[in-house]
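See structure below.
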Amino acid sequence: MACDGGGVKEQEGPSAASPAPSPAAVARARARAARPPRPRSRKGLGVRNQLKPCRILAALQRANARVREAGEATLVAALAAAQKESERENEVVPDVCGGWKSEDGSLNCGYSSIRGRRATMEDFYDIKSSRIDDKQIKFFGVFDGHGGTRAAGYLKQHLFENLLKHPGFIGDTKSAMSESYKKTDADFLDAEGNIQVGSTASTAVLIDNHLYVANVGDSRAVMSKAGKAIALSDDHKPNRSDEQKRIEDAGGVVVWSGTWRVGGILAMSRAFGNRLLKQFVVADPEIQDLEIDGDVEFLILASDGLWDVVPNEHAVAFVKDEDSPEAAARKLTEIAFRRGSTDNITCIVVEFCHDKMIDGSLPSTNQS
């Protein structure tokens with residue numbers, strides 16, 4: 001193939017030759033060839049917006065700053081978490097503890113109550129003494145609230161007061177306790193609008209040398225007799241066979257939701273309050289009674305913040321190693337905390353001093 005000065009191509013093969021261009025067309029082609037090349041458009045060069053690279057750079061700088069800030073925040077959070085974990089190992093347990101002795105010396109009592117790892121404190125306790133005619137009477141109680149403090153606080157104020165007022169308290173103590181507990185529950189429900197607030201009650205009433213232990217909920221009473229741990233209450237858990245049957249017979253259900261719960265809500269089968277579940281979650285106490293003889297050494301009442309991590313036998317052994325009930329009560333709450341209890345922890349330790357169990361004046365103090 002050859003080209004002439006006009007740049008017109010000749011076709012190969014048998015095709016007819018193209019007609020020759022006119023002189024005017026040739027002149028225009030030569031003029032175009034002689035012109036200098038035009039600059040390409042900015043669009044073609046990719047620089048339509050000359051500020052764009054600067055903006056991109058600024059955006060990248062801001063993004064890098066945010067990444068650095070996020071990294072620093074993550075590092076700070078990690079350091080804080082490590083510091084918190086370190087502090088937790090050496091954490092000082094905040095608590096309320098103390099002791100009480102009867103004036104006749106027959107009882108020596110210690111108590112300890114700590115918030116533990118919970119954000120709020122819902123445990124209450126009560127220690128009272130009184131006299132009816134010639135009878136010496138002592139009251140001990142641990143109240144573990146849930147859904148707020150009002151139920152446990154109400155029991156502290158009114159439960160033993162209602163029991164003392166019952167006309168059959170001395171003559172038929174067990175019946176008086178059962179009726180007084182139900183009355184206190186009904187009175188609380190009349191006064192309380194919150195349908196889920198409630199409380200346990202692990203209580204002991206000592207009339208002279210006769211002990212009555214009443215329980216509602218999953219707080220517990222344990223006695224040391226001749227060196228052995230003896231439970232004086234059975235936790236009211238929804239999956240306890242007799243409790244589950246009672247609930248289901250009343251039309252309720254027991255379901256697993258992290259633990260066994262009544263209606264999938266409450267992790268105990270009996271309690272004061274709890275209007276929402278009252279048809280199934282009753283406040284009828286289970287009561288045991290016994291004479292205090294020389295083999296009975298001491299009694300422990302505690303919320304489940306203790307019993308969840310400390311078995312009955314361990315608790316008795318720890319108390320025996322201490323010099324006083326006050327030291328023993330404090331030791332129990334500290335051990336429960338160190339063992340990882342996530343609940344409030346409250347306990348009362350009552351020591352029976354048999355060589356001093358004689359008639360005598362009673363103190364008028366009211367520890368709480």
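Ordering of the structure tokens sets the chain letters (A, B, ...), residue numbers begin anew at 1 in every chain, and ligands are numbered from 1 in the order given.
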
If you take only C-alpha atoms and a cut-off of 10 Å, which residues of stretch 196-265 of chain A touch stretch 307-326 of chain A, and what are their nearest atom pairs and distances in Å to one decimal, in chain and number order, as CSV?
residue,atom,partner,partner_atom,distance
A:Asp218,CA,A:Trp307,CA,9.1
A:Ser219,CA,A:Trp307,CA,7.9
A:Arg220,CA,A:Trp307,CA,7.6
A:Ala221,CA,A:Asn312,CA,9.3
A:Val222,CA,A:Asn312,CA,6.8
A:Met223,CA,A:Val316,CA,7.9
A:Ser224,CA,A:Val316,CA,6.3
A:Lys225,CA,A:Val316,CA,9.7
A:Gly227,CA,A:Val316,CA,8.0
A:Lys228,CA,A:Glu313,CA,7.4
A:Ala229,CA,A:Glu313,CA,5.4
A:Ile230,CA,A:Asn312,CA,7.8
A:Ala231,CA,A:Asn312,CA,7.4

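For the residues A:Gly340, A:Gln136, A:Phe124, A:Val282, ranking by smallest atom-to-atom distance to A:Asn209 using only C-alpha atoms places A:Gln136 first.
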
From a backbone DSSP assignment, name each residue in stretch 279-365 of chain A labelled helix (DSSP H, G or I), as a ChimeraX atom specification. /A:304-307,312-320,325-338,354-356

Residue selection dump (C-alpha atoms) as a tab-separated table (two decimals), in the first residue's frame:
chain	number	residue	atom	x	y	z
A	304	ASP	CA	-28.00	-16.60	99.75
A	305	GLY	CA	-25.05	-14.32	99.02
A	306	LEU	CA	-23.24	-16.52	101.55
A	307	TRP	CA	-24.82	-19.91	100.85
A	312	ASN	CA	-23.10	-25.44	105.36
A	313	GLU	CA	-20.19	-27.54	106.64
A	314	HIS	CA	-17.63	-24.93	105.61
A	315	ALA	CA	-19.57	-22.16	107.32
A	316	VAL	CA	-19.70	-24.11	110.58
A	317	ALA	CA	-15.97	-24.87	110.39
A	318	PHE	CA	-15.09	-21.22	109.76
A	319	VAL	CA	-17.17	-20.06	112.73
A	320	LYS	CA	-15.53	-22.61	115.03
A	325	PRO	CA	-19.39	-14.51	116.90
A	326	GLU	CA	-18.63	-11.00	115.68
A	327	ALA	CA	-15.32	-12.11	114.17
A	328	ALA	CA	-17.02	-15.20	112.77
A	329	ALA	CA	-19.78	-13.23	111.06
A	330	ARG	CA	-17.26	-10.90	109.50
A	331	LYS	CA	-15.12	-13.84	108.40
A	332	LEU	CA	-18.07	-15.51	106.67
A	333	THR	CA	-18.98	-12.44	104.62
A	334	GLU	CA	-15.34	-11.88	103.67
A	335	ILE	CA	-14.90	-15.50	102.57
A	336	ALA	CA	-18.09	-15.38	100.50
A	337	PHE	CA	-16.87	-12.19	98.83
A	338	ARG	CA	-13.41	-13.66	98.12
A	354	HIS	CA	-24.82	-22.82	128.18
A	355	ASP	CA	-23.04	-22.18	131.46
A	356	LYS	CA	-24.82	-18.80	131.66

Need to verify the contact set: A:Phe140, 12 Å, only C-alpha atoms, exclusion of same-chain residues closer than 6 positions in sequence. Can you return it as a tab-separated table (two decimals) with all heavy atoms, in the first residue's frame?
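Result written to selection06.tsv:
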chain	number	residue	atom	x	y	z
A	100	TRP	N	-23.51	-8.18	119.79
A	100	TRP	CA	-24.51	-7.94	120.84
A	100	TRP	C	-24.47	-9.09	121.83
A	100	TRP	O	-24.28	-10.26	121.42
A	100	TRP	CB	-25.90	-7.82	120.22
A	100	TRP	CG	-27.04	-7.78	121.21
A	100	TRP	CD1	-27.51	-6.69	121.86
A	100	TRP	CD2	-27.85	-8.88	121.63
A	100	TRP	NE1	-28.56	-7.03	122.67
A	100	TRP	CE2	-28.79	-8.38	122.55
A	100	TRP	CE3	-27.86	-10.24	121.32
A	100	TRP	CZ2	-29.73	-9.19	123.18
A	100	TRP	CZ3	-28.80	-11.05	121.94
A	100	TRP	CH2	-29.74	-10.52	122.86
A	107	LEU	N	-26.40	-15.41	125.65
A	107	LEU	CA	-26.24	-15.33	124.19
A	107	LEU	C	-25.15	-14.34	123.84
A	107	LEU	O	-25.05	-13.26	124.44
A	107	LEU	CB	-27.54	-14.90	123.52
A	107	LEU	CG	-28.73	-15.86	123.57
A	107	LEU	CD1	-29.91	-15.23	122.85
A	107	LEU	CD2	-28.39	-17.21	122.95
A	109	CYS	N	-23.77	-12.64	120.20
A	109	CYS	CA	-24.20	-12.56	118.80
A	109	CYS	C	-23.29	-11.63	118.01
A	109	CYS	O	-22.83	-10.60	118.51
A	109	CYS	CB	-25.64	-12.04	118.76
A	109	CYS	SG	-26.27	-11.70	117.12
A	110	GLY	N	-23.01	-12.02	116.78
A	110	GLY	CA	-22.27	-11.17	115.86
A	110	GLY	C	-23.01	-11.06	114.54
A	110	GLY	O	-23.76	-11.96	114.15
A	111	TYR	N	-22.84	-9.94	113.85
A	111	TYR	CA	-23.51	-9.75	112.57
A	111	TYR	C	-22.57	-9.03	111.61
A	111	TYR	O	-21.70	-8.25	112.01
A	111	TYR	CB	-24.81	-8.97	112.71
A	111	TYR	CG	-24.65	-7.63	113.42
A	111	TYR	CD1	-24.34	-6.47	112.71
A	111	TYR	CD2	-24.80	-7.54	114.81
A	111	TYR	CE1	-24.19	-5.27	113.35
A	111	TYR	CE2	-24.65	-6.33	115.46
A	111	TYR	CZ	-24.33	-5.19	114.73
A	111	TYR	OH	-24.18	-3.99	115.37
A	124	PHE	N	-31.38	-6.65	104.62
A	124	PHE	CA	-31.59	-6.06	105.94
A	124	PHE	C	-31.45	-7.17	106.98
A	124	PHE	O	-31.59	-8.35	106.66
A	124	PHE	CB	-32.99	-5.45	106.06
A	124	PHE	CG	-33.15	-4.13	105.34
A	124	PHE	CD1	-33.23	-4.07	103.95
A	124	PHE	CD2	-33.23	-2.95	106.06
A	124	PHE	CE1	-33.38	-2.88	103.29
A	124	PHE	CE2	-33.39	-1.73	105.40
A	124	PHE	CZ	-33.46	-1.69	104.02
A	125	TYR	N	-31.18	-6.78	108.21
A	125	TYR	CA	-31.14	-7.75	109.31
A	125	TYR	C	-31.74	-7.10	110.54
A	125	TYR	O	-31.87	-5.87	110.62
A	125	TYR	CB	-29.70	-8.21	109.60
A	125	TYR	CG	-28.80	-7.11	110.09
A	125	TYR	CD1	-28.65	-6.86	111.46
A	125	TYR	CD2	-28.13	-6.30	109.19
A	125	TYR	CE1	-27.84	-5.83	111.90
A	125	TYR	CE2	-27.32	-5.27	109.62
A	125	TYR	CZ	-27.18	-5.04	110.98
A	125	TYR	OH	-26.38	-4.01	111.43
A	126	ASP	N	-32.10	-7.92	111.50
A	126	ASP	CA	-32.73	-7.39	112.72
A	126	ASP	C	-32.39	-8.28	113.90
A	126	ASP	O	-32.37	-9.52	113.77
A	126	ASP	CB	-34.25	-7.31	112.54
A	126	ASP	CG	-34.91	-6.37	113.55
A	126	ASP	OD1	-34.18	-5.64	114.25
A	126	ASP	OD2	-36.15	-6.38	113.64
A	127	ILE	N	-32.12	-7.66	115.04
A	127	ILE	CA	-31.87	-8.36	116.30
A	127	ILE	C	-32.64	-7.61	117.37
A	127	ILE	O	-32.45	-6.40	117.56
A	127	ILE	CB	-30.38	-8.40	116.66
A	127	ILE	CG1	-29.57	-9.09	115.55
A	127	ILE	CG2	-30.17	-9.10	118.00
A	127	ILE	CD1	-28.07	-8.96	115.72
A	128	LYS	N	-33.55	-8.32	118.01
A	128	LYS	CA	-34.37	-7.69	119.05
A	128	LYS	C	-34.46	-8.61	120.26
A	128	LYS	O	-34.31	-9.83	120.16
A	128	LYS	CB	-35.78	-7.41	118.55
A	128	LYS	CG	-35.93	-6.26	117.57
A	128	LYS	CD	-37.40	-6.00	117.26
A	128	LYS	CE	-37.59	-4.73	116.43
A	128	LYS	NZ	-37.19	-4.93	115.04
A	129	SER	N	-34.76	-8.00	121.41
A	129	SER	CA	-35.04	-8.78	122.62
A	129	SER	C	-36.24	-8.16	123.33
A	129	SER	O	-36.50	-6.97	123.22
A	129	SER	CB	-33.83	-8.80	123.56
A	129	SER	OG	-33.53	-7.49	123.99
A	130	SER	N	-36.98	-9.00	124.01
A	130	SER	CA	-38.17	-8.52	124.69
A	130	SER	C	-38.51	-9.47	125.83
A	130	SER	O	-37.81	-10.46	126.08
A	130	SER	CB	-39.33	-8.44	123.69
A	130	SER	OG	-40.47	-7.86	124.28
A	155	LEU	N	-40.22	-5.62	106.41
A	155	LEU	CA	-40.14	-6.77	107.31
A	155	LEU	C	-39.32	-6.42	108.55
A	155	LEU	O	-39.69	-6.81	109.67
A	155	LEU	CB	-39.50	-7.96	106.59
A	155	LEU	CG	-40.30	-8.54	105.42
A	155	LEU	CD1	-39.54	-9.69	104.78
A	155	LEU	CD2	-41.68	-8.99	105.86
A	156	LYS	N	-38.25	-5.72	108.37
A	156	LYS	CA	-37.44	-5.30	109.50
A	156	LYS	C	-38.25	-4.47	110.51
A	156	LYS	O	-38.10	-4.62	111.72
A	156	LYS	CB	-36.23	-4.51	109.00
A	156	LYS	CG	-35.40	-3.86	110.09
A	156	LYS	CD	-34.30	-3.02	109.46
A	156	LYS	CE	-33.61	-2.17	110.50
A	156	LYS	NZ	-32.99	-2.97	111.56
A	159	LEU	N	-42.27	-7.22	111.04
A	159	LEU	CA	-42.49	-8.66	111.19
A	159	LEU	C	-42.50	-9.10	112.64
A	159	LEU	O	-43.46	-9.72	113.12
A	159	LEU	CB	-41.44	-9.44	110.40
A	159	LEU	CG	-41.62	-10.95	110.39
A	159	LEU	CD1	-42.97	-11.36	109.81
A	159	LEU	CD2	-40.48	-11.64	109.62
A	160	PHE	N	-41.46	-8.80	113.39
A	160	PHE	CA	-41.41	-9.22	114.79
A	160	PHE	C	-42.42	-8.45	115.64
A	160	PHE	O	-42.96	-8.98	116.62
A	160	PHE	CB	-39.99	-9.02	115.34
A	160	PHE	CG	-38.99	-9.95	114.72
A	160	PHE	CD1	-37.65	-9.59	114.62
A	160	PHE	CD2	-39.37	-11.19	114.23
A	160	PHE	CE1	-36.72	-10.45	114.06
A	160	PHE	CE2	-38.44	-12.06	113.66
A	160	PHE	CZ	-37.12	-11.69	113.58
A	201	ALA	N	-37.16	-14.14	104.11
A	201	ALA	CA	-37.04	-13.95	105.56
A	201	ALA	C	-36.56	-15.25	106.18
A	201	ALA	O	-37.23	-16.27	106.08
A	201	ALA	CB	-38.37	-13.53	106.18
A	202	SER	N	-35.37	-15.21	106.76
A	202	SER	CA	-34.86	-16.33	107.56
A	202	SER	C	-34.80	-15.82	108.99
A	202	SER	O	-34.03	-14.91	109.30
A	202	SER	CB	-33.48	-16.77	107.08
A	202	SER	OG	-32.99	-17.83	107.86
A	203	THR	N	-35.63	-16.39	109.84
A	203	THR	CA	-35.80	-15.83	111.19
A	203	THR	C	-35.69	-16.91	112.26
A	203	THR	O	-35.98	-18.09	112.02
A	203	THR	CB	-37.17	-15.14	111.32
A	203	THR	OG1	-38.20	-16.11	111.05
A	203	THR	CG2	-37.30	-13.99	110.33
A	204	ALA	N	-35.27	-16.48	113.44
A	204	ALA	CA	-35.20	-17.36	114.60
A	204	ALA	C	-35.79	-16.63	115.80
A	204	ALA	O	-35.48	-15.46	116.02
A	204	ALA	CB	-33.76	-17.78	114.88
A	205	VAL	N	-36.63	-17.32	116.53
A	205	VAL	CA	-37.24	-16.77	117.75
A	205	VAL	C	-36.88	-17.71	118.89
A	205	VAL	O	-37.18	-18.91	118.84
A	205	VAL	CB	-38.77	-16.65	117.60
A	205	VAL	CG1	-39.38	-16.14	118.91
A	205	VAL	CG2	-39.12	-15.73	116.44
A	206	LEU	N	-36.26	-17.17	119.91
A	206	LEU	CA	-35.87	-17.95	121.07
A	206	LEU	C	-36.71	-17.54	122.26
A	206	LEU	O	-36.67	-16.38	122.69
A	206	LEU	CB	-34.38	-17.75	121.38
A	206	LEU	CG	-33.80	-18.58	122.51
A	206	LEU	CD1	-33.81	-20.07	122.17
A	206	LEU	CD2	-32.37	-18.13	122.84
A	207	ILE	N	-37.53	-18.46	122.77
A	207	ILE	CA	-38.34	-18.22	123.96
A	207	ILE	C	-37.76	-19.08	125.06
A	207	ILE	O	-37.89	-20.31	125.05
A	207	ILE	CB	-39.82	-18.56	123.71
A	207	ILE	CG1	-40.36	-17.75	122.53
A	207	ILE	CG2	-40.65	-18.28	124.96
A	207	ILE	CD1	-41.80	-18.07	122.17
A	211	LEU	N	-36.23	-22.89	120.67
A	211	LEU	CA	-35.90	-22.16	119.45
A	211	LEU	C	-36.89	-22.50	118.34
A	211	LEU	O	-37.18	-23.68	118.08
A	211	LEU	CB	-34.48	-22.52	118.98
A	211	LEU	CG	-33.98	-21.84	117.70
A	211	LEU	CD1	-33.81	-20.33	117.93
A	211	LEU	CD2	-32.68	-22.47	117.23
A	212	TYR	N	-37.40	-21.47	117.69
A	212	TYR	CA	-38.27	-21.62	116.52
A	212	TYR	C	-37.59	-20.95	115.33
A	212	TYR	O	-37.21	-19.76	115.41
A	212	TYR	CB	-39.63	-20.95	116.76
A	212	TYR	CG	-40.40	-21.52	117.92
A	212	TYR	CD1	-40.18	-21.06	119.22
A	212	TYR	CD2	-41.37	-22.51	117.74
A	212	TYR	CE1	-40.89	-21.57	120.30
A	212	TYR	CE2	-42.09	-23.03	118.80
A	212	TYR	CZ	-41.84	-22.55	120.07
A	212	TYR	OH	-42.56	-23.06	121.14
A	213	VAL	N	-37.42	-21.69	114.26
A	213	VAL	CA	-36.81	-21.15	113.04
A	213	VAL	C	-37.85	-21.19	111.93
A	213	VAL	O	-38.41	-22.25	111.62
A	213	VAL	CB	-35.56	-21.96	112.63
A	213	VAL	CG1	-35.04	-21.49	111.27
A	213	VAL	CG2	-34.47	-21.82	113.69
A	214	ALA	N	-38.12	-20.04	111.34
A	214	ALA	CA	-39.10	-19.93	110.25
A	214	ALA	C	-38.40	-19.38	109.01
A	214	ALA	O	-37.58	-18.46	109.10
A	214	ALA	CB	-40.25	-19.01	110.66
A	215	ASN	N	-38.75	-19.95	107.87
A	215	ASN	CA	-38.09	-19.54	106.63
A	215	ASN	C	-39.09	-19.31	105.51
A	215	ASN	O	-40.02	-20.09	105.31
A	215	ASN	CB	-37.09	-20.60	106.18
A	215	ASN	CG	-36.32	-20.17	104.95
A	215	ASN	OD1	-35.61	-19.17	105.00
A	215	ASN	ND2	-36.45	-20.91	103.86
A	221	ALA	N	-30.99	-21.02	107.51
A	221	ALA	CA	-30.54	-21.14	108.89
A	221	ALA	C	-29.82	-22.47	109.05
A	221	ALA	O	-30.33	-23.52	108.64
A	221	ALA	CB	-31.73	-21.06	109.84
A	299	LEU	N	-25.80	-20.83	116.00
A	299	LEU	CA	-26.76	-20.77	114.90
A	299	LEU	C	-26.28	-19.71	113.90
A	299	LEU	O	-25.82	-18.64	114.30
A	299	LEU	CB	-28.14	-20.38	115.43
A	299	LEU	CG	-29.25	-20.11	114.41
A	299	LEU	CD1	-29.67	-21.40	113.72
A	299	LEU	CD2	-30.46	-19.46	115.10
A	300	ILE	N	-26.39	-20.03	112.61
A	300	ILE	CA	-26.05	-19.08	111.54
A	300	ILE	C	-27.30	-18.79	110.73
A	300	ILE	O	-27.95	-19.72	110.22
A	300	ILE	CB	-24.96	-19.62	110.60
A	300	ILE	CG1	-23.72	-20.07	111.39
A	300	ILE	CG2	-24.58	-18.57	109.55
A	300	ILE	CD1	-22.72	-20.84	110.53
A	301	LEU	N	-27.65	-17.53	110.59
A	301	LEU	CA	-28.69	-17.08	109.65
A	301	LEU	C	-27.99	-16.25	108.58
A	301	LEU	O	-27.21	-15.36	108.92
A	301	LEU	CB	-29.74	-16.22	110.35
A	301	LEU	CG	-30.52	-16.82	111.52
A	301	LEU	CD1	-31.41	-15.75	112.14
A	301	LEU	CD2	-31.36	-17.99	111.06
A	302	ALA	N	-28.29	-16.52	107.30
A	302	ALA	CA	-27.60	-15.76	106.26
A	302	ALA	C	-28.42	-15.72	104.98
A	302	ALA	O	-29.24	-16.60	104.70
A	302	ALA	CB	-26.22	-16.36	105.97
A	347	CYS	N	-25.04	-11.96	107.31
A	347	CYS	CA	-25.18	-13.13	108.19
A	347	CYS	C	-25.19	-12.69	109.66
A	347	CYS	O	-24.66	-11.63	110.02
A	347	CYS	CB	-24.08	-14.16	107.94
A	347	CYS	SG	-22.46	-13.70	108.55
A	348	ILE	N	-25.83	-13.53	110.45
A	348	ILE	CA	-25.87	-13.38	111.91
A	348	ILE	C	-25.39	-14.69	112.51
A	348	ILE	O	-25.83	-15.77	112.08
A	348	ILE	CB	-27.30	-13.07	112.41
A	348	ILE	CG1	-27.79	-11.73	111.85
A	348	ILE	CG2	-27.35	-13.06	113.93
A	348	ILE	CD1	-29.27	-11.43	112.18
A	349	VAL	N	-24.50	-14.60	113.47
A	349	VAL	CA	-24.02	-15.79	114.19
A	349	VAL	C	-24.41	-15.64	115.65
A	349	VAL	O	-24.07	-14.64	116.29
A	349	VAL	CB	-22.49	-15.94	114.06
A	349	VAL	CG1	-22.01	-17.15	114.88
A	349	VAL	CG2	-22.08	-16.11	112.59
A	350	VAL	N	-25.16	-16.62	116.16
A	350	VAL	CA	-25.64	-16.59	117.55
A	350	VAL	C	-24.98	-17.74	118.31
A	350	VAL	O	-25.18	-18.91	117.98
A	350	VAL	CB	-27.16	-16.73	117.63
A	350	VAL	CG1	-27.63	-16.64	119.08
A	350	VAL	CG2	-27.85	-15.67	116.77
A	366	ASN	N	-31.97	-2.49	120.57
A	366	ASN	CA	-32.53	-3.00	119.31
A	366	ASN	C	-31.51	-2.78	118.22
A	366	ASN	O	-31.37	-1.70	117.69
A	366	ASN	CB	-33.83	-2.25	118.98
A	366	ASN	CG	-34.35	-2.63	117.61
A	366	ASN	OD1	-33.95	-3.64	117.04
A	366	ASN	ND2	-35.23	-1.80	117.08
A	367	GLN	N	-30.74	-3.82	117.92
A	367	GLN	CA	-29.72	-3.72	116.89
A	367	GLN	C	-30.37	-3.86	115.53
A	367	GLN	O	-31.26	-4.68	115.34
A	367	GLN	CB	-28.67	-4.82	117.09
A	367	GLN	CG	-27.96	-4.76	118.43
A	367	GLN	CD	-26.97	-3.61	118.50
A	367	GLN	OE1	-26.56	-3.11	117.47
A	367	GLN	NE2	-26.60	-3.20	119.68
A	368	SER	N	-29.92	-3.07	114.58
A	368	SER	CA	-30.45	-3.21	113.22
A	368	SER	C	-29.46	-2.64	112.24
A	368	SER	O	-28.56	-1.90	112.60
A	368	SER	CB	-31.78	-2.50	113.11
A	368	SER	OG	-31.66	-1.14	113.44

Residues of stretch 138-346 of chain A in strand (DSSP E or B), written as an MDAnalysis selection string: chainID A and resid 138:146 198:199 201:207 210:216 220:225 228:231 254:256 260:262 266 270 272:273 282 286:291 296:302 345:346

Which residues are near A:Asn274? Cut-off 10 Å, only C-alpha atoms, ignore same chain within fewer than 6 positions. Put them as a ChimeraX atom specification. /A:146-147,151,185,189,192,194-199,266,280-283

For stretch 341-344 of chain A, please output as a PyMOL selection string all residues within 7 Å (counting only C-alpha atoms; exclusion window: fewer than 5 positions along the same chain). chain A and resi 114-118+121+123+305+309+336

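In this comparison, which uses only C-alpha atoms, the residue of A:Ala186, A:Ile345, A:Ala226, A:Val296 approaching A:Gly273 most closely is A:Ala186.
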
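The neighbours of A:Gln279 here are the residues that come within 9 Å of it, using only C-alpha atoms and leaving out any residue fewer than 6 positions away in the same chain; they are Ile247, Ala250, Gly251 and Gly252 of chain A.
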
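Counting only C-alpha atoms, the residue from A:Ala267, A:Val254, A:Glu179, A:Gly193 that sits nearest to A:Ile287 is A:Glu179.
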